[in-house]
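work.pdb, holding PDB, C-alpha atoms:
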```pdb
MODEL        1
ATOM      1  CA  MET A   1     -74.515-170.373  17.806
ATOM      2  CA  ALA A   2     -75.625-173.519  19.616
ATOM      3  CA  LEU A   3     -76.520-176.168  17.103
ATOM      4  CA  PHE A   4     -77.103-179.028  19.504
ATOM      5  CA  THR A   5     -79.866-177.684  21.741
ATOM      6  CA  HIS A   6     -82.845-179.347  23.379
ATOM      7  CA  LYS A   7     -84.582-179.128  20.024
ATOM      8  CA  ASN A   8     -81.983-181.365  18.432
ATOM      9  CA  VAL A   9     -83.145-184.927  17.876
ATOM     10  CA  ILE A  10     -79.823-186.547  18.766
ATOM     11  CA  VAL A  11     -79.445-184.670  22.043
ATOM     12  CA  ASP A  12     -83.099-185.270  22.916
ATOM     13  CA  GLU A  13     -82.698-189.010  22.448
ATOM     14  CA  PHE A  14     -79.359-189.027  24.269
ATOM     15  CA  LYS A  15     -80.801-187.066  27.183
ATOM     16  CA  PHE A  16     -83.771-189.431  27.405
ATOM     17  CA  LYS A  17     -81.495-192.491  27.696
ATOM     18  CA  VAL A  18     -79.230-190.817  30.258
ATOM     19  CA  GLY A  19     -82.334-189.837  32.204
ATOM     20  CA  GLN A  20     -83.489-193.453  32.230
ATOM     21  CA  LEU A  21     -80.126-194.610  33.547
ATOM     22  CA  LEU A  22     -80.225-191.892  36.208
ATOM     23  CA  GLN A  23     -83.663-193.015  37.404
ATOM     24  CA  THR A  24     -82.549-196.641  37.592
ATOM     25  CA  VAL A  25     -79.411-195.778  39.565
ATOM     26  CA  GLU A  26     -81.388-193.472  41.870
ATOM     27  CA  ILE A  27     -83.862-196.233  42.690
ATOM     28  CA  TYR A  28     -81.000-198.592  43.478
ATOM     29  CA  ALA A  29     -79.329-195.937  45.665
ATOM     30  CA  ARG A  30     -82.518-195.397  47.706
ATOM     31  CA  GLU A  31     -83.013-199.118  48.190
ATOM     32  CA  SER A  32     -79.383-199.633  49.215
ATOM     33  CA  GLY A  33     -79.669-197.206  52.137
ATOM     34  CA  ASP A  34     -76.117-195.957  51.524
ATOM     35  CA  SER A  35     -76.278-192.210  52.257
ATOM     36  CA  VAL A  36     -72.884-191.467  50.669
ATOM     37  CA  TYR A  37     -73.875-193.294  47.508
ATOM     38  CA  LEU A  38     -77.254-191.525  47.461
ATOM     39  CA  ASP A  39     -75.566-188.117  47.818
ATOM     40  CA  LYS A  40     -73.408-188.862  44.773
ATOM     41  CA  VAL A  41     -76.490-189.736  42.770
ATOM     42  CA  LYS A  42     -78.261-186.553  43.920
ATOM     43  CA  ASN A  43     -75.295-184.404  42.870
ATOM     44  CA  ILE A  44     -75.269-186.003  39.435
ATOM     45  CA  LYS A  45     -79.040-185.539  39.166
ATOM     46  CA  LEU A  46     -78.713-181.884  40.134
ATOM     47  CA  ARG A  47     -76.157-181.339  37.394
ATOM     48  CA  PHE A  48     -78.307-183.250  34.925
ATOM     49  CA  GLN A  49     -81.394-181.128  35.690
ATOM     50  CA  HIS A  50     -79.627-177.778  35.683
ATOM     51  CA  ASN A  51     -77.164-178.152  32.801
ATOM     52  CA  ASP A  52     -77.506-176.101  29.644
ATOM     53  CA  GLU A  53     -78.317-179.276  27.691
ATOM     54  CA  THR A  54     -75.098-179.258  25.733
ATOM     55  CA  LEU A  55     -73.584-182.435  24.393
ATOM     56  CA  GLU A  56     -70.534-182.061  26.651
ATOM     57  CA  GLU A  57     -72.656-181.911  29.804
ATOM     58  CA  LEU A  58     -74.704-184.973  28.850
ATOM     59  CA  CYS A  59     -71.533-186.940  28.064
ATOM     60  CA  TYR A  60     -70.104-186.016  31.472
ATOM     61  CA  VAL A  61     -73.273-187.044  33.325
ATOM     62  CA  GLU A  62     -73.428-190.367  31.494
ATOM     63  CA  LYS A  63     -69.813-191.220  32.339
ATOM     64  CA  GLU A  64     -70.399-190.350  36.009
ATOM     65  CA  LEU A  65     -73.469-192.584  36.121
ATOM     66  CA  ILE A  66     -71.689-195.499  34.469
ATOM     67  CA  GLY A  67     -68.899-195.123  37.030
ATOM     68  CA  ILE A  68     -71.223-195.563  40.027
ATOM     69  CA  ALA A  69     -73.947-197.767  38.502
ATOM     70  CA  PRO A  70     -74.274-201.339  39.823
ATOM     71  CA  GLU A  71     -73.897-204.280  37.456
ATOM     72  CA  SER A  72     -77.643-204.958  37.493
ATOM     73  CA  CYS A  73     -78.234-201.494  35.949
ATOM     74  CA  LEU A  74     -75.353-201.723  33.511
ATOM     75  CA  ILE A  75     -76.518-204.970  31.923
ATOM     76  CA  LYS A  76     -79.568-203.319  30.351
ATOM     77  CA  TYR A  77     -77.768-200.068  29.627
ATOM     78  CA  TYR A  78     -74.923-201.886  27.897
ATOM     79  CA  ALA A  79     -77.485-203.624  25.685
ATOM     80  CA  GLN A  80     -79.050-200.240  24.837
ATOM     81  CA  ILE A  81     -75.849-198.437  23.882
ATOM     82  CA  THR A  82     -74.462-201.393  21.912
ATOM     83  CA  SER A  83     -77.730-201.520  19.999
ATOM     84  CA  ARG A  84     -77.441-197.801  19.320
ATOM     85  CA  TYR A  85     -73.805-198.209  18.259
ATOM     86  CA  LYS A  86     -74.758-200.972  15.831
ATOM     87  CA  GLU A  87     -77.484-198.768  14.349
ATOM     88  CA  VAL A  88     -75.382-195.674  13.673
ATOM     89  CA  LEU A  89     -72.004-197.312  12.935
ATOM     90  CA  PRO A  90     -72.704-200.940  11.969
ATOM     91  CA  LYS A  91     -69.316-201.665  10.375
ATOM     92  CA  GLU A  92     -67.316-200.315  13.303
ATOM     93  CA  ALA A  93     -69.617-202.084  15.749
ATOM     94  CA  GLU A  94     -69.138-205.363  13.918
ATOM     95  CA  MET A  95     -65.367-205.008  14.177
ATOM     96  CA  TYR A  96     -65.316-204.150  17.881
ATOM     97  CA  ILE A  97     -68.431-205.332  19.734
ATOM     98  CA  THR A  98     -68.699-208.746  18.129
ATOM     99  CA  LYS A  99     -65.028-209.484  18.790
ATOM    100  CA  ASN A 100     -65.263-208.495  22.460
ATOM    101  CA  GLU A 101     -68.539-210.269  23.103
ATOM    102  CA  ASN A 102     -67.064-213.438  21.625
ATOM    103  CA  ASN A 103     -64.287-213.272  24.208
ATOM    104  CA  GLY A 104     -66.891-214.137  26.839
ATOM    105  CA  GLU A 105     -65.091-215.343  29.883
ATOM    106  CA  ASN A 106     -61.692-214.203  28.621
ATOM    107  CA  GLY A 107     -61.568-210.936  30.524
ATOM    108  CA  PHE A 108     -64.854-209.277  29.544
ATOM    109  CA  ASN A 109     -65.480-206.419  31.991
ATOM    110  CA  LEU A 110     -69.001-205.015  31.788
ATOM    111  CA  LYS A 111     -68.247-201.592  33.276
ATOM    112  CA  VAL A 112     -65.122-201.085  31.176
ATOM    113  CA  GLU A 113     -66.896-202.143  27.995
ATOM    114  CA  THR A 114     -69.865-199.871  28.761
ATOM    115  CA  PHE A 115     -67.467-196.997  29.328
ATOM    116  CA  TYR A 116     -65.698-197.673  26.065
ATOM    117  CA  ILE A 117     -68.823-197.968  23.917
ATOM    118  CA  SER A 118     -70.216-194.779  25.456
ATOM    119  CA  ILE A 119     -66.959-192.947  24.626
ATOM    120  CA  LEU A 120     -67.156-194.162  21.011
ATOM    121  CA  LEU A 121     -70.700-192.845  20.770
ATOM    122  CA  HIS A 122     -69.638-189.542  22.349
ATOM    123  CA  LYS A 123     -66.961-189.126  19.686
ATOM    124  CA  TYR A 124     -69.545-189.829  16.988
ATOM    125  CA  TYR A 125     -71.985-187.286  18.457
ATOM    126  CA  HIS A 126     -69.223-184.665  18.661
ATOM    127  CA  PHE A 127     -68.359-185.350  15.040
ATOM    128  CA  LEU A 128     -71.984-184.778  14.010
ATOM    129  CA  GLU A 129     -72.034-181.542  15.992
ATOM    130  CA  ASN A 130     -68.821-180.217  14.432
ATOM    131  CA  LYS A 131     -69.840-181.308  10.937
ATOM    132  CA  GLU A 132     -73.122-179.429  11.243
ATOM    133  CA  LYS A 133     -71.258-176.358  12.461
ATOM    134  CA  VAL A 134     -68.944-176.394   9.426
ATOM    135  CA  ILE A 135     -71.818-176.957   6.989
ATOM    136  CA  SER A 136     -73.919-174.257   8.660
ATOM    137  CA  GLN A 137     -71.027-171.793   8.374
ATOM    138  CA  TYR A 138     -70.806-172.501   4.646
ATOM    139  CA  LYS A 139     -74.539-172.068   4.146
ATOM    140  CA  LEU A 140     -74.655-168.871   6.208
ATOM    141  CA  LEU A 141     -71.766-167.346   4.272
ATOM    142  CA  PHE A 142     -73.269-168.258   0.901
ATOM    143  CA  GLY A 143     -76.638-166.878   1.949
ATOM    144  CA  LEU A 144     -75.156-163.575   3.133
ATOM    145  CA  LEU A 145     -73.197-163.142  -0.101
ATOM    146  CA  LEU A 146     -76.296-163.906  -2.127
ATOM    147  CA  LEU A 147     -78.317-161.382  -0.134
ATOM    148  CA  ILE A 148     -75.623-158.732  -0.640
ATOM    149  CA  ILE A 149     -75.614-159.332  -4.389
ATOM    150  CA  PHE A 150     -79.395-159.082  -4.578
ATOM    151  CA  VAL A 151     -79.361-155.854  -2.566
ATOM    152  CA  ILE A 152     -76.684-154.393  -4.853
ATOM    153  CA  SER A 153     -78.657-155.414  -7.936
ATOM    154  CA  GLY A 154     -81.828-153.853  -6.545
ATOM    155  CA  LEU A 155     -80.088-150.585  -5.723
ATOM    156  CA  SER A 156     -78.454-150.572  -9.153
ATOM    157  CA  PHE A 157     -81.822-151.000 -10.824
ATOM    158  CA  LEU A 158     -83.321-148.107  -8.862
ATOM    159  CA  LEU A 159     -80.354-145.877  -9.639
ATOM    160  CA  SER A 160     -80.621-146.747 -13.324
ATOM    161  CA  ILE A 161     -84.289-145.711 -13.373
ATOM    162  CA  LEU A 162     -83.432-142.389 -11.722
ATOM    163  CA  ALA A 163     -80.511-141.841 -14.107
ATOM    164  CA  GLN A 164     -82.601-142.631 -17.193
ATOM    165  CA  SER A 165     -85.321-140.219 -16.116
ATOM    166  CA  ALA A 166     -82.745-137.470 -15.600
ATOM    167  CA  MET A 167     -80.665-138.043 -18.730
ATOM    168  CA  ASN A 168     -81.750-138.346 -22.328
ATOM    169  CA  SER A 169     -78.399-139.430 -23.808
ATOM    170  CA  THR A 170     -78.542-142.667 -25.767
ATOM    171  CA  VAL A 171     -74.966-143.477 -24.734
ATOM    172  CA  THR A 172     -75.924-143.088 -21.081
ATOM    173  CA  HIS A 173     -78.847-145.441 -21.519
ATOM    174  CA  LEU A 174     -76.640-148.063 -23.134
ATOM    175  CA  ILE A 175     -73.998-147.834 -20.411
ATOM    176  CA  ILE A 176     -76.658-148.220 -17.712
ATOM    177  CA  ASP A 177     -78.152-151.198 -19.553
ATOM    178  CA  LEU A 178     -74.708-152.762 -19.816
ATOM    179  CA  ALA A 179     -74.110-152.354 -16.068
ATOM    180  CA  LEU A 180     -77.488-153.867 -15.253
ATOM    181  CA  LEU A 181     -76.889-156.848 -17.503
ATOM    182  CA  ILE A 182     -73.505-157.507 -15.893
ATOM    183  CA  ILE A 183     -75.057-157.405 -12.418
ATOM    184  CA  LEU A 184     -77.885-159.671 -13.569
ATOM    185  CA  MET A 185     -75.442-162.242 -14.987
ATOM    186  CA  ILE A 186     -73.361-162.194 -11.815
ATOM    187  CA  CYS A 187     -76.462-162.708  -9.652
ATOM    188  CA  ALA A 188     -77.839-165.497 -11.835
ATOM    189  CA  GLY A 189     -74.508-167.318 -12.084
ATOM    190  CA  TYR A 190     -73.832-167.005  -8.380
ATOM    191  CA  PHE A 191     -77.359-168.169  -7.545
ATOM    192  CA  GLY A 192     -76.924-171.304  -9.651
ATOM    193  CA  ALA A 193     -73.443-171.993  -8.230
ATOM    194  CA  VAL A 194     -74.644-171.682  -4.636
ATOM    195  CA  ILE A 195     -77.594-174.002  -5.269
ATOM    196  CA  SER A 196     -75.206-176.549  -6.779
ATOM    197  CA  ILE A 197     -72.730-176.357  -3.887
ATOM    198  CA  VAL A 198     -75.418-176.475  -1.188
ATOM    199  CA  ARG A 199     -76.859-179.583  -2.848
ATOM    200  CA  ARG A 200     -73.419-181.218  -2.839
ATOM    201  CA  ILE A 201     -72.806-180.259   0.796
ATOM    202  CA  GLN A 202     -76.191-181.665   1.751
ATOM    203  CA  GLY A 203     -75.335-184.866  -0.117
ATOM    204  CA  ILE A 204     -72.150-185.237   1.927
ATOM    205  CA  ALA A 205     -74.056-184.523   5.140
ATOM    206  CA  GLU A 206     -76.515-187.336   4.398
ATOM    207  CA  LYS A 207     -73.902-189.978   3.526
ATOM    208  CA  SER A 208     -72.798-192.557   6.044
ATOM    209  CA  VAL A 209     -69.505-191.937   7.842
ATOM    210  CA  ASP A 210     -69.198-195.476   9.167
ATOM    211  CA  GLY A 211     -65.663-196.846   8.994
ATOM    212  CA  ILE A 212     -63.905-193.685   7.816
ATOM    213  CA  ASN A 213     -61.480-191.251   9.414
ATOM    214  CA  ARG A 214     -63.994-188.650  10.578
ATOM    215  CA  GLU A 215     -61.382-186.230  11.929
ATOM    216  CA  GLU A 216     -59.699-186.148   8.532
ATOM    217  CA  LEU A 217     -63.043-185.482   6.859
ATOM    218  CA  LEU A 218     -63.698-182.529   9.159
ATOM    219  CA  LEU A 219     -60.250-181.102   8.492
ATOM    220  CA  LYS A 220     -60.804-181.335   4.743
ATOM    221  CA  LEU A 221     -64.155-179.580   4.962
ATOM    222  CA  THR A 222     -62.714-176.871   7.203
ATOM    223  CA  ASN A 223     -59.526-176.258   5.223
ATOM    224  CA  GLY A 224     -61.048-176.574   1.759
ATOM    225  CA  LYS A 225     -62.951-173.289   1.760
ATOM    226  CA  TRP A 226     -60.800-171.572  -0.853
ATOM    227  CA  GLY A 227     -61.350-174.373  -3.328
ATOM    228  CA  ILE A 228     -65.096-174.059  -2.849
ATOM    229  CA  PHE A 229     -64.918-170.284  -3.338
ATOM    230  CA  LEU A 230     -63.002-170.883  -6.584
ATOM    231  CA  SER A 231     -65.864-173.090  -7.729
ATOM    232  CA  ILE A 232     -68.305-170.291  -6.926
ATOM    233  CA  VAL A 233     -66.243-167.814  -8.946
ATOM    234  CA  LEU A 234     -66.391-170.148 -11.942
ATOM    235  CA  GLY A 235     -70.158-170.492 -11.608
ATOM    236  CA  THR A 236     -70.528-166.722 -11.257
ATOM    237  CA  LEU A 237     -68.537-166.012 -14.428
ATOM    238  CA  SER A 238     -70.155-168.760 -16.497
ATOM    239  CA  PRO A 239     -73.023-166.529 -17.794
ATOM    240  CA  PHE A 240     -70.424-164.360 -19.557
ATOM    241  CA  VAL A 241     -69.168-167.424 -21.437
ATOM    242  CA  LEU A 242     -72.781-168.324 -22.145
ATOM    243  CA  LEU A 243     -73.412-164.890 -23.680
ATOM    244  CA  ILE A 244     -70.394-165.282 -25.958
ATOM    245  CA  LEU A 245     -71.750-168.645 -27.125
ATOM    246  CA  ILE A 246     -75.177-167.149 -27.780
ATOM    247  CA  ILE A 247     -73.641-164.378 -29.875
ATOM    248  CA  THR A 248     -71.503-166.906 -31.763
ATOM    249  CA  LEU A 249     -74.372-169.342 -32.415
ATOM    250  CA  GLN A 250     -76.991-166.770 -33.387
ATOM    251  CA  GLY A 251     -79.217-168.064 -36.170
ATOM    252  CA  LEU A 252     -78.834-171.736 -35.165
ATOM    253  CA  SER A 253     -82.197-173.384 -35.779
ATOM    254  CA  VAL A 254     -83.896-176.595 -36.841
ATOM    255  CA  LYS A 255     -86.352-176.730 -39.716
ATOM    256  CA  SER A 256     -89.766-178.076 -38.731
ATOM    257  CA  GLY A 257     -92.181-177.886 -41.604
ATOM    258  CA  ASP A 258     -92.563-174.263 -42.594
ATOM    259  CA  HIS A 259     -91.137-172.980 -39.328
ATOM    260  CA  ASP A 260     -87.625-172.572 -37.936
ATOM    261  CA  ILE A 261     -87.225-173.560 -34.304
ATOM    262  CA  MET A 262     -84.679-171.376 -32.497
ATOM    263  CA  PHE A 263     -82.863-172.960 -29.564
ATOM    264  CA  LEU A 264     -81.159-169.882 -28.146
ATOM    265  CA  PRO A 265     -82.361-166.429 -27.039
ATOM    266  CA  GLN A 266     -82.419-164.085 -30.006
ATOM    267  CA  LEU A 267     -80.386-160.891 -30.208
ATOM    268  CA  CYS A 268     -80.776-157.863 -32.425
ATOM    269  CA  PHE A 269     -77.654-155.976 -33.421
ATOM    270  CA  HIS A 270     -79.278-152.627 -34.224
ATOM    271  CA  LEU A 271     -81.796-150.612 -32.253
ATOM    272  CA  SER A 272     -84.129-150.477 -35.223
ATOM    273  CA  GLN A 273     -84.363-154.286 -35.256
ATOM    274  CA  CYS A 274     -85.746-154.539 -31.724
ATOM    275  CA  THR A 275     -89.395-155.410 -32.112
ATOM    276  CA  ALA A 276     -90.580-153.573 -29.024
ATOM    277  CA  ASN A 277     -88.378-150.502 -29.495
ATOM    278  CA  ALA A 278     -90.050-147.220 -28.618
ATOM    279  CA  PRO A 279     -88.889-143.685 -29.556
ATOM    280  CA  ASP A 280     -88.585-142.560 -25.962
ATOM    281  CA  GLN A 281     -87.049-145.777 -24.609
ATOM    282  CA  GLU A 282     -84.255-147.412 -26.558
ATOM    283  CA  GLY A 283     -84.877-151.154 -26.586
ATOM    284  CA  THR A 284     -86.972-153.374 -24.382
ATOM    285  CA  ALA A 285     -84.239-155.151 -22.433
ATOM    286  CA  MET A 286     -80.637-154.756 -21.409
ATOM    287  CA  SER A 287     -77.671-154.417 -23.729
ATOM    288  CA  ILE A 288     -74.113-155.669 -23.509
ATOM    289  CA  LEU A 289     -72.660-153.610 -26.333
ATOM    290  CA  TYR A 290     -73.939-150.584 -28.213
ATOM    291  CA  GLY A 291     -76.751-151.778 -30.442
ATOM    292  CA  LEU A 292     -76.723-155.356 -29.093
ATOM    293  CA  ARG A 293     -79.923-156.275 -27.296
ATOM    294  CA  PHE A 294     -82.189-159.207 -26.619
ATOM    295  CA  SER A 295     -85.024-159.097 -29.133
ATOM    296  CA  THR A 296     -87.862-159.532 -26.616
ATOM    297  CA  PHE A 297     -88.473-159.923 -22.915
ATOM    298  CA  LYS A 298     -88.989-163.643 -23.557
ATOM    299  CA  ASP A 299     -85.438-163.918 -24.890
ATOM    300  CA  LEU A 300     -84.122-162.066 -21.853
ATOM    301  CA  ALA A 301     -86.035-164.405 -19.517
ATOM    302  CA  GLU A 302     -84.594-167.425 -21.325
ATOM    303  CA  PHE A 303     -81.103-165.990 -20.921
ATOM    304  CA  ILE A 304     -81.629-165.495 -17.170
ATOM    305  CA  LEU A 305     -82.746-169.110 -16.749
ATOM    306  CA  LEU A 306     -79.797-170.345 -18.806
ATOM    307  CA  SER A 307     -77.460-168.173 -16.692
ATOM    308  CA  ILE A 308     -78.742-169.766 -13.485
ATOM    309  CA  ALA A 309     -78.304-173.219 -15.017
ATOM    310  CA  SER A 310     -74.781-172.332 -16.161
ATOM    311  CA  GLY A 311     -73.890-171.590 -12.540
ATOM    312  CA  PHE A 312     -73.942-175.358 -11.980
ATOM    313  CA  SER A 313     -70.757-175.510 -14.069
ATOM    314  CA  GLU A 314     -68.892-174.874 -10.780
ATOM    315  CA  ARG A 315     -68.814-178.681 -10.551
ATOM    316  CA  PHE A 316     -66.106-178.689 -13.234
ATOM    317  CA  VAL A 317     -63.607-177.307 -10.691
ATOM    318  CA  PRO A 318     -62.302-180.159  -8.492
ATOM    319  CA  ASP A 319     -62.622-179.137  -4.842
ATOM    320  CA  VAL A 320     -62.761-180.612  -1.368
ATOM    321  CA  LEU A 321     -66.426-181.580  -1.782
ATOM    322  CA  ASP A 322     -65.533-183.791  -4.747
ATOM    323  CA  ARG A 323     -62.675-185.434  -2.849
ATOM    324  CA  VAL A 324     -64.753-186.071   0.262
ATOM    325  CA  SER A 325     -67.684-187.404  -1.755
ATOM    326  CA  LYS A 326     -65.463-189.787  -3.729
ATOM    327  CA  GLU A 327     -63.799-191.047  -0.562
ATOM    328  CA  LEU A 328     -67.166-191.709   1.055
ATOM    329  CA  GLU A 329     -68.395-193.590  -2.007
ATOM    330  CA  LYS A 330     -65.168-195.587  -2.179
ATOM    331  CA  LYS A 331     -65.030-196.587   1.493
ATOM    332  CA  ILE A 332     -68.759-197.056   1.930
ATOM    333  CA  PRO A 333     -70.164-198.595  -1.275
ATOM    334  CA  THR A 334     -73.848-198.161  -1.820
ATOM    335  CA  SER A 335     -75.965-201.282  -1.625
TER     336      SER A 335
ENDMDL
END
```

Could you take the file, read its structure, and then write that structure out as structure tokens?
Amino acid sequence: MALFTHKNVIVDEFKFKVGQLLQTVEIYARESGDSVYLDKVKNIKLRFQHNDETLEELCYVEKELIGIAPESCLIKYYAQITSRYKEVLPKEAEMYITKNENNGENGFNLKVETFYISILLHKYYHFLENKEKVISQYKLLFGLLLLIIFVISGLSFLLSILAQSAMNSTVTHLIIDLALLIILMICAGYFGAVISIVRRIQGIAEKSVDGINREELLLKLTNGKWGIFLSIVLGTLSPFVLLILIITLQGLSVKSGDHDIMFLPQLCFHLSQCTANAPDQEGTAMSILYGLRFSTFKDLAEFILLSIASGFSERFVPDVLDRVSKELEKKIPTS
């Protein structure tokens, strides 16, 4: 899947600047009257116009142009790329560009320096491309797993309706309710965990990478998948811990005047206690054990929301996202 296409902002801007350099060099070649030089420019232009607009092709064309461009063209182009370098990587630019510009007459070579700055920018663009590929792979995988779980839950719900219409056994109804509740908790916990992880990944993607070892960061993101999956497992299982806490803390309330305010979803431990119980349909919601049900649909809805929120507990498992985020904050302090 091509992530850096003509629709990508970075490649669009890069292509525009390379195109400007190409036009400048082409004008110089026509005015020079050198047919060999003009043929070289035409070959580069042909490749520029007919490439598949990948980052690699644009980098190649730029290096070819810098190699044949006269000094009068390079002066302005050097100013452009150094300005760009200072914008995207100010700390690295301060360490390198300022030092070399201060050398002045002590061996400053315009073409060599233009080459070098362009190579540094190429490495940065390639890093952005690879980082987006890794992050997109994570997001795609999480989305597919979430879709699979939702499809399974939907099919399970339909099968439970068919089974309940065909069977009148109370035990069968309770087993089906138990299975549905388990699937619901898994879906809710996983949904919350994925939201949490995607938010953390997006946070890393938006942080500056100026002055850090970007290759090491990519390796950590690529090789740290199992740690992230472990975090997802924790978030997926967290609703089961939540249910145990709700059972344990049943009856916890705060007195407010003549009313008791309940903080947790309410359960009823016998079918006869369920307020919306009907003779032909045991209970109004799902059960986890025989005779254990949520009192009303409102309590069930509260439990679902709490299950999604509990999925964010995946943050308690240290993983590669935590390490990368801490390193970025340590090396690049926020202003």

Check your understanding: If the PyMOL selection byres ((chain A and resi 264) around 9) is run on the structure shown, which residues does it catch, given as an MDAnalysis selection string?
Key -> chainID A and resid 246 249:253 262:263 265:266 299 302:303

- Expanded to explicit residues, what is the PyMOL selection byres ((chain A and resi 235) around 12) for this file, as a PyMOL selection string? chain A and resi 185-197+228-234+236-242+307-317

Would you save the residues from that selection as an mmCIF file, in the coordinates of the input, using C-alpha atoms?
```cif
data_model
loop_
_atom_site.group_PDB
_atom_site.id
_atom_site.type_symbol
_atom_site.label_atom_id
_atom_site.label_comp_id
_atom_site.auth_asym_id
_atom_site.auth_seq_id
_atom_site.Cartn_x
_atom_site.Cartn_y
_atom_site.Cartn_z
ATOM 1 C CA MET A 185 -75.442 -162.242 -14.987
ATOM 2 C CA ILE A 186 -73.361 -162.194 -11.815
ATOM 3 C CA CYS A 187 -76.462 -162.708 -9.652
ATOM 4 C CA ALA A 188 -77.839 -165.497 -11.835
ATOM 5 C CA GLY A 189 -74.508 -167.318 -12.084
ATOM 6 C CA TYR A 190 -73.832 -167.005 -8.380
ATOM 7 C CA PHE A 191 -77.359 -168.169 -7.545
ATOM 8 C CA GLY A 192 -76.924 -171.304 -9.651
ATOM 9 C CA ALA A 193 -73.443 -171.993 -8.230
ATOM 10 C CA VAL A 194 -74.644 -171.682 -4.636
ATOM 11 C CA ILE A 195 -77.594 -174.002 -5.269
ATOM 12 C CA SER A 196 -75.206 -176.549 -6.779
ATOM 13 C CA ILE A 197 -72.730 -176.357 -3.887
ATOM 14 C CA ILE A 228 -65.096 -174.059 -2.849
ATOM 15 C CA PHE A 229 -64.918 -170.284 -3.338
ATOM 16 C CA LEU A 230 -63.002 -170.883 -6.584
ATOM 17 C CA SER A 231 -65.864 -173.090 -7.729
ATOM 18 C CA ILE A 232 -68.305 -170.291 -6.926
ATOM 19 C CA VAL A 233 -66.243 -167.814 -8.946
ATOM 20 C CA LEU A 234 -66.391 -170.148 -11.942
ATOM 21 C CA THR A 236 -70.528 -166.722 -11.257
ATOM 22 C CA LEU A 237 -68.537 -166.012 -14.428
ATOM 23 C CA SER A 238 -70.155 -168.760 -16.497
ATOM 24 C CA PRO A 239 -73.023 -166.529 -17.794
ATOM 25 C CA PHE A 240 -70.424 -164.360 -19.557
ATOM 26 C CA VAL A 241 -69.168 -167.424 -21.437
ATOM 27 C CA LEU A 242 -72.781 -168.324 -22.145
ATOM 28 C CA SER A 307 -77.460 -168.173 -16.692
ATOM 29 C CA ILE A 308 -78.742 -169.766 -13.485
ATOM 30 C CA ALA A 309 -78.304 -173.219 -15.017
ATOM 31 C CA SER A 310 -74.781 -172.332 -16.161
ATOM 32 C CA GLY A 311 -73.890 -171.590 -12.540
ATOM 33 C CA PHE A 312 -73.942 -175.358 -11.980
ATOM 34 C CA SER A 313 -70.757 -175.510 -14.069
ATOM 35 C CA GLU A 314 -68.892 -174.874 -10.780
ATOM 36 C CA ARG A 315 -68.814 -178.681 -10.551
ATOM 37 C CA PHE A 316 -66.106 -178.689 -13.234
ATOM 38 C CA VAL A 317 -63.607 -177.307 -10.691
#
```

Exercise for review: Quick one: everything within 12 Å of Gln49 of chain A, counting all atoms listed in the file, minus sequence neighbours fewer than 6 positions away in the same chain. Send it as a VMD selection string.
Suggested key: chain A and resid 15 to 16 18 to 19 22 42 to 43 57 to 58 61

Ground truth for the PyMOL selection byres ((chain A and resi 114) around 8), written as a short mmCIF file (atom, residue, chain, number, x, y, z; two decimals) with C-alpha atoms, in the coordinates of the input:
```
data_model
loop_
_atom_site.label_atom_id
_atom_site.label_comp_id
_atom_site.auth_asym_id
_atom_site.auth_seq_id
_atom_site.Cartn_x
_atom_site.Cartn_y
_atom_site.Cartn_z
CA ILE A 66 -71.69 -195.50 34.47
CA LEU A 74 -75.35 -201.72 33.51
CA TYR A 77 -77.77 -200.07 29.63
CA TYR A 78 -74.92 -201.89 27.90
CA ILE A 81 -75.85 -198.44 23.88
CA LEU A 110 -69.00 -205.02 31.79
CA LYS A 111 -68.25 -201.59 33.28
CA VAL A 112 -65.12 -201.08 31.18
CA GLU A 113 -66.90 -202.14 28.00
CA PHE A 115 -67.47 -197.00 29.33
CA TYR A 116 -65.70 -197.67 26.06
CA ILE A 117 -68.82 -197.97 23.92
CA SER A 118 -70.22 -194.78 25.46
#
```

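What separates atom CA of Glu87 of chain A from atom CA of Val209 of chain A is a distance of 12.4 Å.
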
Original post:
What lies within 7 Å of Cys73 of chain A using only C-alpha atoms, ignoring chain neighbours under 4 positions off, as a ChimeraX atom specification?
Top reply: /A:24-25,69,77

Discussion item. Please compute the atom CA of Leu300 of chain A-atom CA of Leu267 of chain A distance, one decimal, in Å.
Written reply: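 Straight-line distance from atom CA of Leu300 of chain A to atom CA of Leu267 of chain A works out to 9.2 Å.
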
Atom pair atom CA of Ser153 of chain A + atom CA of Leu180 of chain A, distance 7.6 Å

Check: segment 130-135 of chain A: which residues within 8 Å, counting all atoms listed in the file, same-chain residues fewer than 3 positions away excluded, as a PyMOL selection string?
Finding: chain A and resi 3+126-127+138-139+201+205+218+221-222

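Taking all atoms listed in the file into account, Cys59 of chain A lies nearest to A:Tyr124 out of the set A:Tyr28, A:Tyr124, A:Phe108, A:Tyr96.
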